[in-house]
$ cat entry_32.txt   # compact mmCIF, C-alpha atoms
# COMPACT_ATOMS: atom_id res chain seq x y z
CA MET J 939 179.31 195.43 78.75
CA SER J 940 182.13 195.70 81.27
CA ALA J 941 185.65 194.44 80.69
CA SER J 942 184.75 191.21 82.52
CA GLY J 943 181.79 190.61 80.18
CA SER J 944 178.99 191.16 82.73
CA ALA J 945 176.51 194.00 82.38
CA GLY J 946 176.13 196.48 85.21
CA SER J 947 173.00 198.27 86.40
CA LEU J 948 171.45 201.56 85.34
CA LEU J 949 171.89 203.84 88.36
CA ILE J 950 168.93 206.20 88.59
CA ALA J 951 167.33 208.51 91.14
CA TRP J 952 163.89 206.99 91.70
CA GLN J 953 161.19 209.45 92.77
CA LEU J 954 159.14 207.70 95.48
CA LYS J 955 157.30 210.65 96.99
CA ASP J 956 153.75 209.54 97.90
CA LYS J 957 154.29 206.15 96.24
CA HIS J 958 153.11 203.01 98.07
CA VAL J 959 155.98 200.74 99.10
CA LEU J 960 155.18 197.34 100.62
CA VAL J 961 157.80 195.93 103.00
CA ILE J 962 157.42 192.28 103.93
CA GLY J 963 159.37 191.53 107.09
CA GLY J 964 160.26 193.51 110.17
CA GLY J 965 163.83 192.69 111.15
CA GLN J 966 167.05 194.67 110.81
CA VAL J 967 167.22 194.38 107.02
CA ALA J 968 163.60 195.48 106.69
CA SER J 969 164.32 198.37 109.05
CA SER J 970 167.10 199.62 106.77
CA ARG J 971 164.81 199.34 103.73
CA VAL J 972 161.99 201.22 105.49
CA GLN J 973 164.29 204.07 106.47
CA HIS J 974 165.62 204.37 102.89
CA VAL J 975 162.18 204.65 101.30
CA LEU J 976 160.77 206.89 104.03
CA ALA J 977 163.64 209.30 103.39
CA ALA J 978 162.46 209.40 99.77
CA GLY J 979 158.93 210.40 100.84
CA ALA J 980 157.23 207.04 100.26
CA LYS J 981 154.10 205.75 101.99
CA VAL J 982 155.09 202.47 103.61
CA THR J 983 153.13 199.39 104.60
CA VAL J 984 154.95 196.84 106.77
CA VAL J 985 153.62 193.28 106.91
CA SER J 986 155.15 191.14 109.65
CA PRO J 987 154.20 189.32 112.84
CA ALA J 988 154.75 191.79 115.69
CA LYS J 989 157.13 189.41 117.45
CA GLY J 990 159.57 189.77 114.55
CA LEU J 991 159.78 193.56 114.54
CA SER J 992 163.08 195.35 115.15
CA GLU J 993 163.19 198.13 117.70
CA GLN J 994 163.64 200.69 114.92
CA ILE J 995 160.48 199.61 113.11
CA LYS J 996 158.55 199.42 116.37
CA SER J 997 159.53 203.01 117.04
CA LEU J 998 158.46 204.14 113.56
CA ILE J 999 155.11 202.40 113.94
CA ASP J 1000 154.53 203.74 117.45
CA HIS J 1001 155.17 207.32 116.33
CA SER J 1002 153.55 207.20 112.89
CA ASP J 1003 150.24 208.58 114.18
CA HIS J 1004 151.83 211.49 116.01
CA PRO J 1005 150.55 214.78 114.50
CA GLU J 1006 154.07 216.21 114.24
CA ASN J 1007 155.52 213.07 112.63
CA ASP J 1008 155.58 212.92 108.83
CA ASN J 1009 156.42 209.19 108.68
CA ASN J 1010 153.84 207.35 106.57
CA VAL J 1011 153.90 203.82 108.02
CA ILE J 1012 150.99 201.36 108.15
CA PHE J 1013 151.54 198.09 110.02
CA HIS J 1014 149.80 194.72 109.62
CA ASP J 1015 150.54 192.21 112.39
CA ARG J 1016 150.43 189.03 110.32
CA THR J 1017 152.14 187.07 107.58
CA PHE J 1018 152.01 188.00 103.90
CA LEU J 1019 148.82 187.71 101.84
CA SER J 1020 148.73 187.89 98.05
CA THR J 1021 146.25 190.78 98.30
CA ASP J 1022 149.00 192.85 99.95
CA LEU J 1023 150.39 193.39 96.46
CA ASP J 1024 147.27 195.27 95.39
CA ASP J 1025 148.08 198.95 94.79
CA ALA J 1026 151.79 198.46 95.61
CA ASP J 1027 154.19 200.58 93.55
CA MET J 1028 157.25 198.79 94.93
CA VAL J 1029 157.78 195.65 97.01
CA LEU J 1030 160.68 194.84 99.33
CA THR J 1031 160.97 191.43 100.99
CA ALA J 1032 163.21 190.81 103.99
CA ILE J 1033 162.11 187.50 105.48
CA ASP J 1034 163.85 184.22 106.30
CA ASP J 1035 161.49 182.12 104.18
CA ILE J 1036 163.45 181.85 100.93
CA GLU J 1037 160.73 180.05 98.98
CA LEU J 1038 158.05 182.55 99.97
CA SER J 1039 160.40 185.42 99.08
CA ARG J 1040 160.90 183.96 95.63
CA GLU J 1041 157.18 183.38 95.17
CA ILE J 1042 156.56 187.02 96.04
CA GLY J 1043 159.27 188.04 93.57
CA VAL J 1044 157.65 186.01 90.79
CA SER J 1045 154.20 187.42 91.61
CA CYS J 1046 155.54 190.97 91.54
CA ARG J 1047 157.14 190.48 88.15
CA ALA J 1048 153.90 189.00 86.81
CA ARG J 1049 152.16 192.19 87.96
CA ARG J 1050 155.05 194.37 86.76
CA ILE J 1051 155.73 195.66 90.27
CA PRO J 1052 159.42 196.46 90.89
CA VAL J 1053 160.69 194.11 93.61
CA ASN J 1054 163.78 193.60 95.75
CA VAL J 1055 164.20 190.20 97.41
CA ALA J 1056 166.82 190.54 100.15
CA ASP J 1057 169.89 188.32 99.72
CA ASP J 1058 168.67 186.87 96.41
CA PRO J 1059 169.95 189.08 93.54
CA SER J 1060 168.43 186.92 90.78
CA TYR J 1061 164.97 187.88 92.04
CA CYS J 1062 165.75 191.59 92.34
CA ASP J 1063 164.75 194.24 89.82
CA PHE J 1064 166.99 196.71 91.65
CA TYR J 1065 169.52 196.82 94.49
CA PHE J 1066 170.11 198.99 97.53
CA GLY J 1067 173.65 200.33 97.29
CA SER J 1068 175.76 201.83 100.04
CA GLN J 1069 174.81 205.50 100.15
CA ILE J 1070 176.36 208.81 101.07
CA ARG J 1071 173.82 211.52 101.80
CA GLN J 1072 174.46 215.16 102.58
CA GLY J 1073 171.26 217.15 102.21
CA PRO J 1074 170.18 216.89 98.55
CA LEU J 1075 173.51 215.28 97.61
CA GLN J 1076 173.26 211.51 97.24
CA ILE J 1077 176.02 209.18 96.10
CA MET J 1078 175.42 205.47 95.71
CA ILE J 1079 178.03 202.74 95.45
CA SER J 1080 176.67 199.55 93.92
CA THR J 1081 178.37 196.18 93.51
CA ASN J 1082 175.29 194.82 91.69
CA GLY J 1083 174.50 192.59 94.64
CA LYS J 1084 177.91 190.90 94.66
CA SER J 1085 179.51 192.38 97.78
CA PRO J 1086 177.46 194.75 99.96
CA LYS J 1087 180.20 194.77 102.61
CA LEU J 1088 182.85 195.90 100.15
CA ALA J 1089 180.47 198.60 98.92
CA HIS J 1090 180.32 199.85 102.51
CA VAL J 1091 184.12 199.94 102.77
CA ILE J 1092 184.38 201.89 99.50
CA ARG J 1093 181.62 204.26 100.62
CA ARG J 1094 183.56 205.24 103.73
CA ARG J 1095 186.63 206.11 101.66
CA ILE J 1096 184.63 208.22 99.22
CA GLU J 1097 182.71 209.92 102.03
CA GLU J 1098 185.97 211.20 103.51
CA SER J 1099 186.67 213.12 100.29
CA VAL J 1100 183.24 214.81 100.00
CA PRO J 1101 183.44 218.45 101.20
CA LYS J 1102 181.32 219.05 104.30
CA GLY J 1103 179.51 222.01 102.74
CA ALA J 1104 178.61 220.27 99.49
CA GLY J 1105 174.99 219.60 100.43
CA GLU J 1106 174.40 223.18 101.56
CA ALA J 1107 176.03 224.54 98.40
CA ILE J 1108 173.68 222.41 96.29
CA GLU J 1109 170.68 223.75 98.21
CA LYS J 1110 171.78 227.33 97.54
CA VAL J 1111 172.46 226.74 93.85
CA GLY J 1112 169.01 225.16 93.62
CA LEU J 1113 167.53 228.33 95.12
CA LEU J 1114 169.59 230.45 92.72
CA ARG J 1115 168.17 228.46 89.80
CA GLU J 1116 164.62 228.94 91.09
CA LYS J 1117 165.10 232.70 91.42
CA LEU J 1118 166.61 232.86 87.93
CA ARG J 1119 163.66 230.94 86.47
CA GLU J 1120 161.31 233.45 88.08
CA ARG J 1121 163.12 236.21 86.18
CA VAL J 1122 163.49 234.22 82.98
CA PRO J 1123 160.73 231.58 82.79
CA GLU J 1124 161.23 230.76 79.10
CA VAL J 1125 161.86 227.08 78.27
CA GLY J 1126 164.14 226.13 75.38
CA GLY J 1127 165.85 228.38 72.87
CA GLU J 1128 168.87 230.63 73.35
CA VAL J 1129 167.66 232.16 76.62
CA SER J 1130 167.43 228.71 78.20
CA LYS J 1131 170.92 227.82 76.95
CA ARG J 1132 172.32 231.07 78.29
CA ARG J 1133 170.69 230.40 81.67
CA MET J 1134 172.30 226.96 81.84
CA ARG J 1135 175.71 228.31 80.86
CA TRP J 1136 175.54 231.08 83.45
CA ILE J 1137 174.63 228.73 86.30
CA ALA J 1138 177.41 226.36 85.21
CA GLU J 1139 179.95 229.21 85.29
CA VAL J 1140 178.84 230.27 88.76
CA CYS J 1141 179.30 226.69 90.01
CA THR J 1142 182.75 226.54 88.39
CA ARG J 1143 184.10 229.93 89.48
CA TRP J 1144 182.73 230.11 93.02
CA GLU J 1145 184.11 228.02 95.87
CA LEU J 1146 181.75 225.53 97.52
CA ASP J 1147 181.98 227.35 100.85
CA ASP J 1148 181.00 230.63 99.19
CA LEU J 1149 178.03 229.01 97.45
CA ALA J 1150 176.97 227.38 100.72
CA GLY J 1151 177.06 230.78 102.44
CA LEU J 1152 174.66 232.50 100.06
CA ASP J 1153 171.45 233.91 101.53
CA VAL J 1154 168.36 235.16 99.67
CA GLU J 1155 169.55 238.78 99.60
CA GLN J 1156 172.95 237.77 98.25
CA ILE J 1157 171.35 235.57 95.61
CA GLU J 1158 169.26 238.51 94.40
CA ARG J 1159 172.39 240.64 94.23
CA LEU J 1160 174.25 237.96 92.31
CA LEU J 1161 171.42 237.94 89.79
CA ASP J 1162 171.36 241.75 89.57
CA GLU J 1163 175.12 242.15 89.20
CA GLY J 1164 175.76 238.96 87.30
CA TRP J 1165 172.91 237.62 85.23
CA GLU J 1166 171.45 241.00 84.31
CA LYS J 1167 174.89 242.25 83.19
CA ASN J 1168 175.77 238.97 81.44
CA LEU J 1169 178.81 238.22 83.58
CA VAL J 1170 179.82 236.07 86.55
CA PRO J 1171 181.32 238.28 89.25
CA SER J 1172 183.71 236.85 91.80
CA ARG J 1173 182.45 236.70 95.35
CA ASP J 1174 184.97 239.34 96.44
CA SER J 1175 183.99 241.81 93.72
CA LEU J 1176 180.33 241.26 94.42
CA TYR J 1177 180.66 242.18 98.10
CA ASP J 1178 183.40 244.84 97.94
CA ASP J 1179 180.82 247.57 98.50
CA ASP J 1180 179.59 245.90 101.66
CA ASP J 1181 183.10 245.87 103.12
CA ALA J 1182 183.79 249.50 102.26

$ encode --input "entry_32.txt" --output "structure tokens"
Amino acid sequence: MSASGSAGSLLIAWQLKDKHVLVIGGGQVASSRVQHVLAAGAKVTVVSPAKGLSEQIKSLIDHSDHPENDNNVIFHDRTFLSTDLDDADMVLTAIDDIELSREIGVSCRARRIPVNVADDPSYCDFYFGSQIRQGPLQIMISTNGKSPKLAHVIRRRIEESVPKGAGEAIEKVGLLREKLRERVPEVGGEVSKRRMRWIAEVCTRWELDDLAGLDVEQIERLLDEGWEKNLVPSRDSLYDDDDA
């Protein structure tokens, strides 16, 4: 419980890749929801009369069949039917009909389908926070549905303090971890603990810009000169020979 006596939410990273997300509505709020879940790799079905579609959703629908487009959007030009909930892994409502939205929320809970009812927190199993995204780096600011606008204001302040190369550095450390696992595939035990400690030390001792600048050849050298010798070389010492 918080100091004010109200419980917060459990902030988690929800894996939606190839999951079926049903979006009911086609306006600006629905457009934002669709873009969020598409970015997470979801397969999206939009149910809305065509006359109510935002330009953004129209564009997504128009280009969803293009062979070079990886957007997974199916569109039904009509109002909601209860059968739309069949096979849904997540449901998002963004319509003006409050009573219908609540009915959908109740139906989803009866079927144990996670649901978000826009502008009605009491019918939401989860919220969409204000997000900062830089490559694989994601930061969410949640007010638990109390003040989305204030969450946006706070997000802008936090975003200003996030280093520009943070996302790229995370990508490179992820690659470093993959290469290390190829050399040492064991799971658990002392080797696994040592692997975790070594990666942690690299992240601590190296600057973000230096991590972001790593290429595959440099990663292999870092493993040869660092991991294999049980030490964490500085960037300068690692590349002294190249500068000679």

$ atom_distance --input "entry_32.txt" --atom1 "atom CA of J:Leu1118" --atom2 "atom CA of J:Glu1166"
10.1 Å

$ atom_distance --input "entry_32.txt" --atom1 "atom CA of J:Ile1077" --atom2 "atom CA of J:Lys996"
28.5 Å

$ closest_residue --input "entry_32.txt" --among "J:Gly946, J:Gly1083, J:Pro1101, J:Gly1164" --to "J:Leu1114" --atoms "only C-alpha atoms"
J:Gly1164

$ atom_distance --input "entry_32.txt" --atom1 "atom CA of J:Val1122" --atom2 "atom CA of J:Leu1152"
20.5 Å

$ residues_around --input "entry_32.txt" --residues "stretch 977-983 of chain J" --least-positions-apart "4" --cutoff "9 Å" --atoms "all atoms listed in the file" --output "list of chain:residue names"
J:Trp952, J:Gln953, J:Leu954, J:Lys955, J:Asp956, J:Lys957, J:His958, J:Val959, J:Leu960, J:Val961, J:Ile962, J:Val972, J:Gln973, J:Asn1009, J:Asn1010, J:Val1011, J:Ile1012, J:Phe1013, J:His1014

$ closest_residue --input "entry_32.txt" --among "J:Glu1098, J:Glu1109, J:Asp1162, J:Glu1120" --to "J:Leu1075" --atoms "all atoms listed in the file"
J:Glu1109

$ residues_around --input "entry_32.txt" --residues "J:Gly990" --least-positions-apart "4" --cutoff "9 Å" --atoms "only C-alpha atoms" --output "PDB file with C-alpha atoms, keeping the file's coordinate frame"
ATOM      1  CA  GLY J 963     159.370 191.530 107.090  1.00  0.00           C
ATOM      2  CA  GLY J 964     160.260 193.510 110.170  1.00  0.00           C
ATOM      3  CA  GLY J 965     163.830 192.690 111.150  1.00  0.00           C
ATOM      4  CA  SER J 986     155.150 191.140 109.650  1.00  0.00           C
TER       5      SER J 986
END

$ closest_residue --input "entry_32.txt" --among "J:Leu1023, J:Trp1136, J:Glu1037, J:Glu1155" --to "J:Ile1051" --atoms "all atoms listed in the file"
J:Leu1023

$ residues_around --input "entry_32.txt" --residues "J:Ala1089" --least-positions-apart "2" --cutoff "10 Å" --atoms "all atoms listed in the file" --output "list in words"
Gly1067, Ser1068, Gln1069, Met1078, Ile1079, Ser1080, Thr1081, Asn1082, Gly1083, Lys1084, Ser1085, Pro1086, Lys1087, Val1091, Ile1092, Arg1093 and Arg1094 of chain J

$ residues_around --input "entry_32.txt" --residues "J:Gln1156" --least-positions-apart "5" --cutoff "12 Å" --atoms "all atoms listed in the file" --output "PyMOL selection string"
chain J and resi 1110-1111+1113-1114+1117+1148-1151+1161-1164+1173+1176-1177+1180

$ residues_near_point --input "entry_32.txt" --point "(157.2, 186.5, 92.3)" --cutoff "12 Å" --atoms "all atoms listed in the file" --output "count of residues only"
29

$ decode --input "entry_32.txt" --residues "stretch 1123-1164 of chain J" --atoms "N, CA and C atoms" --output "tab-separated table (two decimals), in the first residue's frame"
chain	number	residue	atom	x	y	z
J	1123	PRO	N	27.14	-21.86	-22.79
J	1123	PRO	CA	25.69	-22.09	-22.82
J	1123	PRO	C	25.09	-22.63	-21.52
J	1124	GLU	N	25.95	-22.97	-20.55
J	1124	GLU	CA	25.43	-23.57	-19.31
J	1124	GLU	C	24.42	-22.66	-18.62
J	1125	VAL	N	23.39	-23.27	-18.02
J	1125	VAL	CA	22.37	-22.54	-17.28
J	1125	VAL	C	22.47	-22.92	-15.80
J	1126	GLY	N	22.51	-21.90	-14.93
J	1126	GLY	CA	22.61	-22.15	-13.50
J	1126	GLY	C	24.04	-22.42	-13.06
J	1127	GLY	N	24.23	-22.55	-11.77
J	1127	GLY	CA	25.54	-22.87	-11.23
J	1127	GLY	C	26.49	-21.68	-11.22
J	1128	GLU	N	27.74	-21.94	-10.90
J	1128	GLU	CA	28.73	-20.88	-10.75
J	1128	GLU	C	29.08	-20.21	-12.08
J	1129	VAL	N	29.10	-20.97	-13.16
J	1129	VAL	CA	29.41	-20.38	-14.47
J	1129	VAL	C	28.36	-19.33	-14.83
J	1130	SER	N	27.10	-19.65	-14.60
J	1130	SER	CA	26.03	-18.71	-14.90
J	1130	SER	C	26.14	-17.45	-14.05
J	1131	LYS	N	26.49	-17.62	-12.77
J	1131	LYS	CA	26.65	-16.46	-11.88
J	1131	LYS	C	27.82	-15.59	-12.33
J	1132	ARG	N	28.91	-16.27	-12.73
J	1132	ARG	CA	30.07	-15.52	-13.20
J	1132	ARG	C	29.73	-14.73	-14.46
J	1133	ARG	N	28.97	-15.33	-15.36
J	1133	ARG	CA	28.55	-14.67	-16.59
J	1133	ARG	C	27.73	-13.42	-16.29
J	1134	MET	N	26.82	-13.52	-15.34
J	1134	MET	CA	26.00	-12.38	-14.96
J	1134	MET	C	26.83	-11.26	-14.34
J	1135	ARG	N	27.77	-11.66	-13.47
J	1135	ARG	CA	28.64	-10.66	-12.83
J	1135	ARG	C	29.50	-9.94	-13.86
J	1136	TRP	N	30.01	-10.69	-14.83
J	1136	TRP	CA	30.90	-10.09	-15.82
J	1136	TRP	C	30.15	-9.09	-16.69
J	1137	ILE	N	28.97	-9.45	-17.15
J	1137	ILE	CA	28.16	-8.53	-17.95
J	1137	ILE	C	27.82	-7.28	-17.13
J	1138	ALA	N	27.49	-7.47	-15.86
J	1138	ALA	CA	27.15	-6.34	-14.99
J	1138	ALA	C	28.35	-5.39	-14.85
J	1139	GLU	N	29.54	-5.95	-14.72
J	1139	GLU	CA	30.74	-5.11	-14.60
J	1139	GLU	C	31.03	-4.35	-15.88
J	1140	VAL	N	30.81	-4.99	-17.02
J	1140	VAL	CA	31.00	-4.29	-18.30
J	1140	VAL	C	30.05	-3.10	-18.38
J	1141	CYS	N	28.80	-3.31	-18.03
J	1141	CYS	CA	27.80	-2.24	-18.07
J	1141	CYS	C	28.15	-1.11	-17.11
J	1142	THR	N	28.77	-1.44	-15.99
J	1142	THR	CA	29.12	-0.44	-14.98
J	1142	THR	C	30.37	0.34	-15.36
J	1143	ARG	N	31.37	-0.34	-15.90
J	1143	ARG	CA	32.67	0.29	-16.16
J	1143	ARG	C	32.74	1.02	-17.51
J	1144	TRP	N	31.98	0.57	-18.48
J	1144	TRP	CA	32.02	1.19	-19.80
J	1144	TRP	C	30.98	2.31	-19.90
J	1145	GLU	N	31.34	3.37	-20.61
J	1145	GLU	CA	30.39	4.46	-20.85
J	1145	GLU	C	29.33	4.01	-21.85
J	1146	LEU	N	28.14	4.60	-21.75
J	1146	LEU	CA	27.06	4.25	-22.67
J	1146	LEU	C	27.46	4.45	-24.13
J	1147	ASP	N	28.14	5.54	-24.42
J	1147	ASP	CA	28.55	5.81	-25.80
J	1147	ASP	C	29.49	4.74	-26.32
J	1148	ASP	N	30.38	4.25	-25.44
J	1148	ASP	CA	31.32	3.21	-25.86
J	1148	ASP	C	30.59	1.88	-26.10
J	1149	LEU	N	29.62	1.58	-25.26
J	1149	LEU	CA	28.82	0.37	-25.46
J	1149	LEU	C	28.02	0.47	-26.75
J	1150	ALA	N	27.45	1.65	-27.00
J	1150	ALA	CA	26.65	1.85	-28.21
J	1150	ALA	C	27.48	1.71	-29.47
J	1151	GLY	N	28.79	2.00	-29.37
J	1151	GLY	CA	29.66	1.96	-30.53
J	1151	GLY	C	30.26	0.61	-30.84
J	1152	LEU	N	29.97	-0.40	-30.03
J	1152	LEU	CA	30.51	-1.73	-30.26
J	1152	LEU	C	29.99	-2.33	-31.57
J	1153	ASP	N	30.88	-2.98	-32.32
J	1153	ASP	CA	30.44	-3.77	-33.47
J	1153	ASP	C	30.76	-5.24	-33.18
J	1154	VAL	N	30.40	-6.13	-34.10
J	1154	VAL	CA	30.55	-7.57	-33.85
J	1154	VAL	C	32.01	-7.94	-33.60
J	1155	GLU	N	32.92	-7.38	-34.39
J	1155	GLU	CA	34.34	-7.69	-34.22
J	1155	GLU	C	34.84	-7.23	-32.85
J	1156	GLN	N	34.41	-6.05	-32.43
J	1156	GLN	CA	34.84	-5.53	-31.13
J	1156	GLN	C	34.25	-6.36	-29.99
J	1157	ILE	N	33.04	-6.82	-30.16
J	1157	ILE	CA	32.41	-7.67	-29.14
J	1157	ILE	C	33.20	-8.97	-28.98
J	1158	GLU	N	33.62	-9.55	-30.10
J	1158	GLU	CA	34.41	-10.79	-30.03
J	1158	GLU	C	35.73	-10.53	-29.32
J	1159	ARG	N	36.31	-9.38	-29.58
J	1159	ARG	CA	37.58	-9.05	-28.93
J	1159	ARG	C	37.39	-8.82	-27.44
J	1160	LEU	N	36.30	-8.18	-27.08
J	1160	LEU	CA	36.00	-7.96	-25.67
J	1160	LEU	C	35.84	-9.30	-24.95
J	1161	LEU	N	35.23	-10.26	-25.61
J	1161	LEU	CA	35.09	-11.58	-25.01
J	1161	LEU	C	36.44	-12.29	-24.90
J	1162	ASP	N	37.27	-12.16	-25.95
J	1162	ASP	CA	38.59	-12.80	-25.94
J	1162	ASP	C	39.50	-12.21	-24.86
J	1163	GLU	N	39.53	-10.89	-24.79
J	1163	GLU	CA	40.44	-10.21	-23.88
J	1163	GLU	C	39.86	-10.00	-22.48
J	1164	GLY	N	38.55	-10.11	-22.38
J	1164	GLY	CA	37.91	-9.90	-21.10
J	1164	GLY	C	37.40	-11.17	-20.45
